[in-house]
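Enquirer: Hey, dropping protein_4.txt in here, compact mmCIF, C-alpha atoms:
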# COMPACT_ATOMS: atom_id res chain seq x y z
CA MET C 1 -20.02 -11.55 -16.40
CA ALA C 2 -21.52 -12.82 -13.13
CA GLY C 3 -24.86 -11.77 -11.68
CA ILE C 4 -25.03 -10.73 -8.01
CA LEU C 5 -28.27 -10.36 -6.04
CA ASN C 6 -27.93 -8.63 -2.68
CA ILE C 7 -30.88 -8.69 -0.26
CA GLN C 8 -31.54 -5.97 2.31
CA LEU C 9 -34.05 -7.22 4.87
CA LYS C 10 -36.30 -5.87 7.59
CA SER C 11 -35.96 -9.00 9.69
CA LEU C 12 -38.84 -9.54 12.10
CA MET C 13 -37.74 -10.43 15.61
CA GLY C 14 -37.68 -14.20 16.06
CA ASP C 15 -40.13 -14.76 13.16
CA ARG C 16 -38.16 -17.29 11.14
CA GLU C 17 -41.08 -18.37 8.95
CA THR C 18 -41.95 -14.86 7.74
CA ASN C 19 -38.32 -13.86 7.25
CA LEU C 20 -37.58 -16.93 5.14
CA LYS C 21 -40.66 -16.27 3.02
CA LYS C 22 -39.31 -12.78 2.36
CA ILE C 23 -35.96 -14.20 1.26
CA GLU C 24 -37.72 -16.63 -1.07
CA HIS C 25 -39.84 -13.81 -2.50
CA TYR C 26 -36.84 -11.63 -3.39
CA ILE C 27 -35.00 -14.50 -5.05
CA LYS C 28 -38.08 -15.62 -6.99
CA PHE C 29 -38.87 -12.02 -8.05
CA ASN C 30 -35.36 -11.70 -9.50
CA SER C 31 -35.09 -15.20 -10.94
CA ASP C 32 -35.37 -13.89 -14.50
CA LYS C 33 -31.89 -12.41 -14.03
CA LYS C 34 -28.54 -14.19 -14.25
CA LEU C 35 -28.00 -15.37 -10.66
CA ASP C 36 -24.50 -16.51 -9.81
CA LEU C 37 -24.53 -15.39 -6.17
CA VAL C 38 -27.19 -14.31 -3.69
CA VAL C 39 -26.12 -12.64 -0.44
CA MET C 40 -28.33 -11.97 2.57
CA PRO C 41 -27.76 -10.19 5.90
CA GLU C 42 -26.47 -11.27 9.27
CA PHE C 43 -29.27 -12.69 11.47
CA PHE C 44 -31.62 -12.67 8.45
CA ALA C 45 -33.91 -15.33 9.89
CA THR C 46 -34.30 -14.12 13.48
CA ASN C 47 -32.94 -10.57 13.85
CA ILE C 48 -31.08 -10.36 17.20
CA ASP C 49 -33.44 -12.87 18.88
CA TYR C 50 -30.91 -15.59 18.12
CA VAL C 51 -30.12 -17.27 21.45
CA ASP C 52 -33.55 -18.87 21.81
CA ASN C 53 -33.64 -19.60 18.08
CA ALA C 54 -30.20 -21.18 17.67
CA GLU C 55 -29.98 -23.91 15.05
CA ASP C 56 -27.97 -27.13 15.07
CA GLU C 57 -24.36 -27.21 13.87
CA ASN C 58 -25.42 -27.47 10.21
CA GLY C 59 -27.83 -24.54 10.39
CA GLY C 60 -31.00 -26.50 11.07
CA GLU C 61 -34.24 -25.82 9.24
CA THR C 62 -33.09 -22.34 8.25
CA ILE C 63 -30.15 -23.54 6.20
CA LYS C 64 -32.11 -26.50 4.83
CA PHE C 65 -34.58 -23.96 3.43
CA ILE C 66 -31.77 -21.90 1.89
CA GLN C 67 -30.21 -25.04 0.40
CA LYS C 68 -33.53 -25.78 -1.27
CA LEU C 69 -33.63 -22.26 -2.75
CA ALA C 70 -30.06 -22.57 -4.07
CA LYS C 71 -30.96 -25.76 -5.91
CA GLN C 72 -34.34 -24.52 -7.11
CA TYR C 73 -32.97 -21.28 -8.57
CA ASN C 74 -29.59 -22.67 -9.63
CA THR C 75 -27.61 -20.10 -7.69
CA ASN C 76 -24.79 -19.97 -5.19
CA ILE C 77 -25.75 -18.37 -1.87
CA VAL C 78 -23.94 -16.78 1.04
CA ALA C 79 -26.51 -17.21 3.78
CA GLY C 80 -25.72 -14.15 5.85
CA SER C 81 -25.41 -15.62 9.26
CA VAL C 82 -27.24 -18.11 11.41
CA VAL C 83 -26.45 -18.71 15.06
CA ARG C 84 -25.70 -22.40 15.48
CA LYS C 85 -24.99 -24.56 18.50
CA VAL C 86 -21.94 -26.81 18.51
CA GLY C 87 -21.62 -28.69 21.78
CA ASP C 88 -22.10 -26.09 24.50
CA CYS C 89 -21.02 -23.16 22.31
CA LEU C 90 -22.95 -20.79 20.06
CA TYR C 91 -21.33 -19.50 16.85
CA ASN C 92 -22.47 -16.73 14.52
CA THR C 93 -21.91 -18.50 11.21
CA SER C 94 -22.02 -17.51 7.55
CA PHE C 95 -22.83 -20.45 5.26
CA ALA C 96 -21.62 -20.75 1.67
CA ILE C 97 -23.97 -22.96 -0.38
CA ASP C 98 -23.43 -23.96 -4.00
CA ARG C 99 -25.95 -24.39 -6.83
CA THR C 100 -26.58 -28.03 -5.96
CA GLY C 101 -27.58 -27.06 -2.41
CA GLU C 102 -24.38 -28.32 -0.81
CA ILE C 103 -22.74 -26.44 2.07
CA ILE C 104 -19.18 -25.82 0.83
CA ALA C 105 -17.90 -23.57 3.63
CA LYS C 106 -18.80 -22.21 7.06
CA TYR C 107 -17.28 -19.11 8.60
CA ASP C 108 -17.66 -18.45 12.33
CA LYS C 109 -17.53 -14.70 13.00
CA ILE C 110 -14.26 -13.74 14.65
CA HIS C 111 -14.78 -10.14 15.76
CA LEU C 112 -17.85 -9.99 18.00
CA TYR C 113 -19.91 -6.88 18.77
CA ASN C 114 -20.27 -5.96 22.43
CA TYR C 115 -20.97 -2.23 22.29
CA LEU C 116 -23.89 0.24 22.46
CA GLY C 117 -26.28 -2.38 23.82
CA GLY C 118 -24.89 -5.31 21.86
CA LYS C 119 -24.05 -8.43 23.89
CA GLU C 120 -22.81 -10.71 21.15
CA GLY C 121 -19.46 -11.30 22.84
CA ASN C 122 -21.23 -12.45 26.02
CA GLU C 123 -23.29 -15.05 24.19
CA ILE C 124 -21.34 -16.14 21.12
CA THR C 125 -17.99 -17.92 20.91
CA GLU C 126 -15.55 -16.24 18.55
CA GLY C 127 -14.35 -18.03 15.46
CA LYS C 128 -10.67 -18.80 14.93
CA LYS C 129 -10.11 -19.12 11.16
CA PHE C 130 -10.41 -17.02 8.02
CA VAL C 131 -12.53 -18.89 5.47
CA THR C 132 -12.91 -18.80 1.69
CA ALA C 133 -15.48 -20.49 -0.55
CA SER C 134 -14.58 -21.68 -4.06
CA PHE C 135 -17.77 -21.30 -6.09
CA ASP C 136 -17.99 -22.24 -9.76
CA PHE C 137 -17.46 -18.65 -10.94
CA ALA C 138 -15.22 -17.05 -8.29
CA LYS C 139 -13.36 -17.49 -5.04
CA VAL C 140 -15.17 -15.66 -2.24
CA GLY C 141 -13.89 -14.50 1.14
CA LEU C 142 -16.38 -14.74 3.99
CA ALA C 143 -16.72 -12.10 6.71
CA VAL C 144 -19.50 -10.85 9.00
CA CYS C 145 -20.40 -7.35 10.19
CA PHE C 146 -17.93 -6.06 12.85
CA ASP C 147 -15.10 -7.83 11.05
CA VAL C 148 -15.09 -4.75 8.80
CA ARG C 149 -13.25 -2.82 11.52
CA TYR C 150 -10.22 -5.13 11.17
CA PRO C 151 -8.64 -4.42 7.76
CA GLN C 152 -5.80 -6.91 8.23
CA MET C 153 -8.37 -9.70 7.91
CA PHE C 154 -9.27 -8.61 4.40
CA ARG C 155 -5.68 -8.22 3.28
CA GLU C 156 -5.13 -11.84 4.28
CA LEU C 157 -8.25 -12.94 2.36
CA ALA C 158 -6.97 -11.00 -0.66
CA ARG C 159 -3.63 -12.80 -0.36
CA GLN C 160 -5.54 -16.07 -0.48
CA GLY C 161 -6.75 -15.08 -3.94
CA VAL C 162 -10.38 -14.10 -3.43
CA GLN C 163 -12.08 -12.01 -6.09
CA ILE C 164 -15.16 -11.21 -3.98
CA ILE C 165 -15.66 -10.54 -0.29
CA THR C 166 -19.12 -10.84 1.24
CA LEU C 167 -20.03 -8.92 4.40
CA PRO C 168 -23.47 -9.83 5.78
CA THR C 169 -24.26 -7.32 8.52
CA ALA C 170 -26.73 -6.18 11.13
CA TRP C 171 -24.97 -2.82 11.49
CA PRO C 172 -26.71 -0.85 14.24
CA VAL C 173 -27.00 2.80 15.19
CA PRO C 174 -28.66 4.13 18.35
CA ALA C 175 -32.18 5.52 18.10
CA GLU C 176 -30.95 9.07 18.68
CA VAL C 177 -28.76 8.78 15.57
CA TYR C 178 -31.33 7.03 13.40
CA GLU C 179 -34.13 9.46 14.24
CA ASN C 180 -32.03 12.55 13.46
CA GLU C 181 -31.81 12.99 9.69
CA GLU C 182 -28.47 14.80 9.76
CA SER C 183 -26.87 12.21 12.05
CA LYS C 184 -28.29 9.34 10.02
CA LYS C 185 -26.99 10.88 6.79
CA TYR C 186 -23.52 11.16 8.29
CA ALA C 187 -23.66 7.56 9.60
CA ARG C 188 -24.60 6.26 6.15
CA GLU C 189 -21.84 8.27 4.46
CA MET C 190 -19.33 6.85 6.94
CA TRP C 191 -20.65 3.32 6.46
CA LEU C 192 -20.44 3.46 2.68
CA SER C 193 -16.96 4.99 2.87
CA ILE C 194 -15.66 2.13 5.04
CA ASN C 195 -16.98 -0.47 2.62
CA ARG C 196 -15.68 1.33 -0.48
CA THR C 197 -12.26 1.60 1.17
CA ARG C 198 -12.10 -2.12 1.95
CA ALA C 199 -12.96 -2.93 -1.68
CA TYR C 200 -10.38 -0.49 -3.04
CA ASP C 201 -7.59 -1.44 -0.63
CA ASN C 202 -7.88 -5.11 -1.53
CA MET C 203 -9.00 -4.84 -5.18
CA VAL C 204 -12.01 -7.10 -4.75
CA TYR C 205 -15.70 -6.90 -5.45
CA TRP C 206 -17.34 -6.14 -2.13
CA ILE C 207 -20.89 -7.15 -1.25
CA VAL C 208 -22.28 -5.72 1.98
CA SER C 209 -25.77 -6.95 2.86
CA ASN C 210 -27.39 -5.22 5.82
CA LEU C 211 -30.55 -5.43 7.84
CA THR C 212 -32.71 -2.32 7.93
CA LYS C 213 -35.11 -0.71 10.45
CA GLU C 214 -35.79 -1.95 13.99
CA MET C 215 -33.29 -4.10 15.89
CA GLY C 216 -34.65 -4.17 19.42
CA VAL C 217 -32.42 -3.03 22.29
CA VAL C 218 -29.47 -2.09 20.05
CA GLY C 219 -31.51 0.48 18.12
CA PHE C 220 -31.90 0.42 14.35
CA ALA C 221 -30.13 -1.32 11.50
CA LEU C 222 -28.67 1.29 9.20
CA GLY C 223 -29.35 -0.27 5.80
CA GLY C 224 -26.94 0.92 3.13
CA SER C 225 -26.45 -2.42 1.37
CA ALA C 226 -24.18 -2.19 -1.66
CA ILE C 227 -22.30 -3.97 -4.43
CA ILE C 228 -18.95 -2.26 -4.89
CA SER C 229 -16.27 -2.71 -7.56
CA PRO C 230 -12.51 -3.19 -6.96
CA THR C 231 -12.05 0.49 -7.89
CA ALA C 232 -14.61 1.53 -5.23
CA GLN C 233 -17.37 2.28 -7.73
CA VAL C 234 -20.80 1.70 -6.21
CA LEU C 235 -22.53 -0.56 -8.72
CA ALA C 236 -25.76 -0.93 -6.75
CA TYR C 237 -26.98 0.61 -3.51
CA GLU C 238 -30.07 0.67 -1.32
CA GLU C 239 -30.27 3.23 1.43
CA GLU C 240 -33.16 2.16 3.64
CA LYS C 241 -35.88 0.18 1.89
CA GLU C 242 -36.25 -3.56 2.23
CA GLY C 243 -35.61 -5.25 -1.08
CA ALA C 244 -32.93 -6.59 -3.40
CA ILE C 245 -30.29 -4.87 -5.51
CA TYR C 246 -28.56 -6.42 -8.52
CA ALA C 247 -25.41 -5.91 -10.55
CA GLU C 248 -23.35 -7.85 -13.06
CA ILE C 249 -19.63 -7.99 -12.34
CA ASP C 250 -16.54 -8.96 -14.32
CA ILE C 251 -14.26 -11.26 -12.32
CA GLN C 252 -11.50 -10.73 -14.89
CA GLU C 253 -11.27 -7.11 -13.74
CA VAL C 254 -9.86 -8.27 -10.40
CA LYS C 255 -7.17 -10.33 -12.12
CA TYR C 256 -6.30 -7.45 -14.45
CA LEU C 257 -6.04 -4.85 -11.69
CA LYS C 258 -3.87 -7.09 -9.54
CA SER C 259 -1.54 -7.67 -12.47
CA ILE C 260 -0.99 -3.89 -12.58
CA TYR C 261 -1.01 -3.23 -8.86
CA PRO C 262 0.32 -6.31 -7.01
CA ILE C 263 -1.10 -5.10 -3.70
CA THR C 264 -1.10 -8.51 -2.05
CA ASN C 265 2.69 -8.59 -2.30
CA ILE C 266 3.06 -5.34 -0.37
CA ASP C 267 3.25 -5.38 3.44
Show me this structure written as C-alpha cells.

Expert:
Amino acid sequence: MAGILNIQLKSLMGDRETNLKKIEHYIKFNSDKKLDLVVMPEFFATNIDYVDNAEDENGGETIKFIQKLAKQYNTNIVAGSVVRKVGDCLYNTSFAIDRTGEIIAKYDKIHLYNYLGGKEGNEITEGKKFVTASFDFAKVGLAVCFDVRYPQMFRELARQGVQIITLPTAWPVPAEVYENEESKKYAREMWLSINRTRAYDNMVYWIVSNLTKEMGVVGFALGGSAIISPTAQVLAYEEEKEGAIYAEIDIQEVKYLKSIYPITNID
C-alpha cells in the first residue's frame, strides 16, 4: 500500500512565504503517516499573482523549498504548479520531485485557461509534451487544471502505463455561482463527477488538488480536492476547508483491473 497526502490550500495572493509555511505545516502535521506522495494545487505559492512572481527555469526558491521538504520527510512530491521563466517565455509547470529532493520531471501545462476573467493564455506559453514521472512506488502522469477538459490526454497517459494521474488545479467559479448555495452545490457535483469519470475511464488512481476560497478577478476557487480509485470510488474528499486529506492506495489494483479490462488497447 502507498500513502497519498493531498493538500487543499487557501493560497494568499502573491504571499509566497506564508503559502510555503502552510505547505510545510500540512506535511509536518501528517508526517506520522506513510507518505509516498504529496500533491499540492496549481499556483500554490502565489495564487494567480504569478507574472510578477515568476521563478527561474528550475522553479527558483519555491521549488528549492519543496525539494528540502521532500528530503526532510522522505516523500515524493508533485509540486502543483509554479510559473517559471525560460528565456522570454513563461510556463505553468508541475514539478515531480523524488524523496532525495531531485527534480525528476517537469510538465508544462498544455491547455491554458482564458475564460471567465482568466488570462492565462495571454501570459503563459503552452506546453507541447505529455509527461510522466517514475517514482519509486508508481508511475505518475502529470496534468494541470484545464487539461481535465481534454480526455484524450489521459487516455494517452494511461497507454504510457501510469498508475496514478495528478491534477493540481486552481479551478474557478464566478462569485455569483460561489455565493449561491444551490449553484455552488451543483458546481461541486459536476466537478467531482468529471474527476471520477477520468479515473474510471482510464483505470488509474486520480489525485485532484485544488485551491479554495478567493482567487481575485476570476472569482473563487471551488475546492473539492479528492483522491479517487480506478473504480471511481472517492477515497478521500474535502469540500471547502483548507487542509490535507489522506488515503492509502493499492497500486496492484490498477494492474489487476487492466488485466481484466484492457482499456488502453481500445480506440

Enquirer: If you count only C-alpha atoms, which residues fall within 7 Å of region 201-217 of chain C, apart from same-chain ones fewer than 4 positions away, as a VMD selection string?

Expert: chain C and resid 6 to 11 39 to 41 47 to 48 117 155 158 163 to 171 197 221 to 231 240 242 254

Enquirer: Give me the residues within 12 Å of Tyr50 (chain C) as a list in words, counting all atoms listed in the file and dropping any in the same chain fewer than 6 places off.

Expert: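 My reading of the contact set: Ser11, Leu12, Met13, Gly14, Asp15, Arg16, Glu42, Phe43, Phe44, Ser81, Val82, Val83, Arg84, Lys85, Leu90, Tyr91, Asn92, Thr93, Lys119, Glu120, Glu123, Ile124 and Met215 of chain C.
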
Enquirer: Those residues with C-alpha atoms, as a PDB file, in the coordinates of the input please?

Expert:
ATOM      1  CA  SER C  11     -35.960  -9.000   9.690  1.00  0.00           C
ATOM      2  CA  LEU C  12     -38.840  -9.540  12.100  1.00  0.00           C
ATOM      3  CA  MET C  13     -37.740 -10.430  15.610  1.00  0.00           C
ATOM      4  CA  GLY C  14     -37.680 -14.200  16.060  1.00  0.00           C
ATOM      5  CA  ASP C  15     -40.130 -14.760  13.160  1.00  0.00           C
ATOM      6  CA  ARG C  16     -38.160 -17.290  11.140  1.00  0.00           C
ATOM      7  CA  GLU C  42     -26.470 -11.270   9.270  1.00  0.00           C
ATOM      8  CA  PHE C  43     -29.270 -12.690  11.470  1.00  0.00           C
ATOM      9  CA  PHE C  44     -31.620 -12.670   8.450  1.00  0.00           C
ATOM     10  CA  SER C  81     -25.410 -15.620   9.260  1.00  0.00           C
ATOM     11  CA  VAL C  82     -27.240 -18.110  11.410  1.00  0.00           C
ATOM     12  CA  VAL C  83     -26.450 -18.710  15.060  1.00  0.00           C
ATOM     13  CA  ARG C  84     -25.700 -22.400  15.480  1.00  0.00           C
ATOM     14  CA  LYS C  85     -24.990 -24.560  18.500  1.00  0.00           C
ATOM     15  CA  LEU C  90     -22.950 -20.790  20.060  1.00  0.00           C
ATOM     16  CA  TYR C  91     -21.330 -19.500  16.850  1.00  0.00           C
ATOM     17  CA  ASN C  92     -22.470 -16.730  14.520  1.00  0.00           C
ATOM     18  CA  THR C  93     -21.910 -18.500  11.210  1.00  0.00           C
ATOM     19  CA  LYS C 119     -24.050  -8.430  23.890  1.00  0.00           C
ATOM     20  CA  GLU C 120     -22.810 -10.710  21.150  1.00  0.00           C
ATOM     21  CA  GLU C 123     -23.290 -15.050  24.190  1.00  0.00           C
ATOM     22  CA  ILE C 124     -21.340 -16.140  21.120  1.00  0.00           C
ATOM     23  CA  MET C 215     -33.290  -4.100  15.890  1.00  0.00           C
TER      24      MET C 215
END

Enquirer: Could you tell me which of C:Arg99, C:Lys255, C:Lys34, C:His111 comes closest to Lys129 (chain C) if we count only C-alpha atoms?

Expert: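 Answer, going by the shortest atom-to-atom distance: C:His111.
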
Enquirer: How far is it from CA of Glu57 (chain C) to CA of Asp98 (chain C), in Å with one decimal?

Expert: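 Calculated distance between CA of Glu57 (chain C) and CA of Asp98 (chain C) is 18.2 Å.
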
Enquirer: Please provide the set of residues having any atom within 10 Å of Leu69 (chain C), restricted to only C-alpha atoms, with same-chain residues fewer than 6 positions apart removed, written as a PyMOL selection string.

Expert: chain C and resi 23-24+27-28+63+75-77+97+99-101

Enquirer: Of the candidates C:Leu37, C:Val218, C:Val140, C:Ile249, which one gets nearest to Val173 (chain C) if we count all atoms listed in the file?

Expert: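 Looking at the shortest contact to Val173 (chain C), the residue is C:Val218.
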
Enquirer: Can you tell me, as number ranges by chain, which residues sit within 12 Å of (4.4, -10.3, 1.6) in the file's frame, using only C-alpha atoms?

Expert: C: 155-156, 158-160, 262-267

Enquirer: Around (-10.3, -19.8, 13.6) in the file's frame, which residues reach within 12 Å when counting all atoms listed in the file? Return as a list in words?

Expert: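 Residues with an atom close enough to that point: Tyr91, Thr93, Lys106, Tyr107, Asp108, Lys109, Ile110, His111, Thr125, Glu126, Gly127, Lys128, Lys129, Phe130, Val131 and Met153 of chain C.
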
Enquirer: I'd like the interatomic distance between CA of Glu179 (chain C) and CA of Gly219 (chain C), to a tenth of an Å.

Expert: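 Straight-line distance from CA of Glu179 (chain C) to CA of Gly219 (chain C) works out to 10.1 Å.
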
Enquirer: For CA of Ser193 (chain C) and CA of Val162 (chain C), quote the distance in Å rounded to one decimal.

Expert: 21.2 Å

Enquirer: Choose the residue, out of C:Ala244, C:Ile251, C:Ala175, C:Ala45, that has the smallest atom-to-atom separation from Tyr26 (chain C); count only C-alpha atoms.

Expert: C:Ala244

Enquirer: Restricting the calculation to all atoms listed in the file: of C:Gly243, C:Gly80, C:Gly3, C:Gly59, which residue gets closest to Ala143 (chain C)?

Expert: C:Gly80
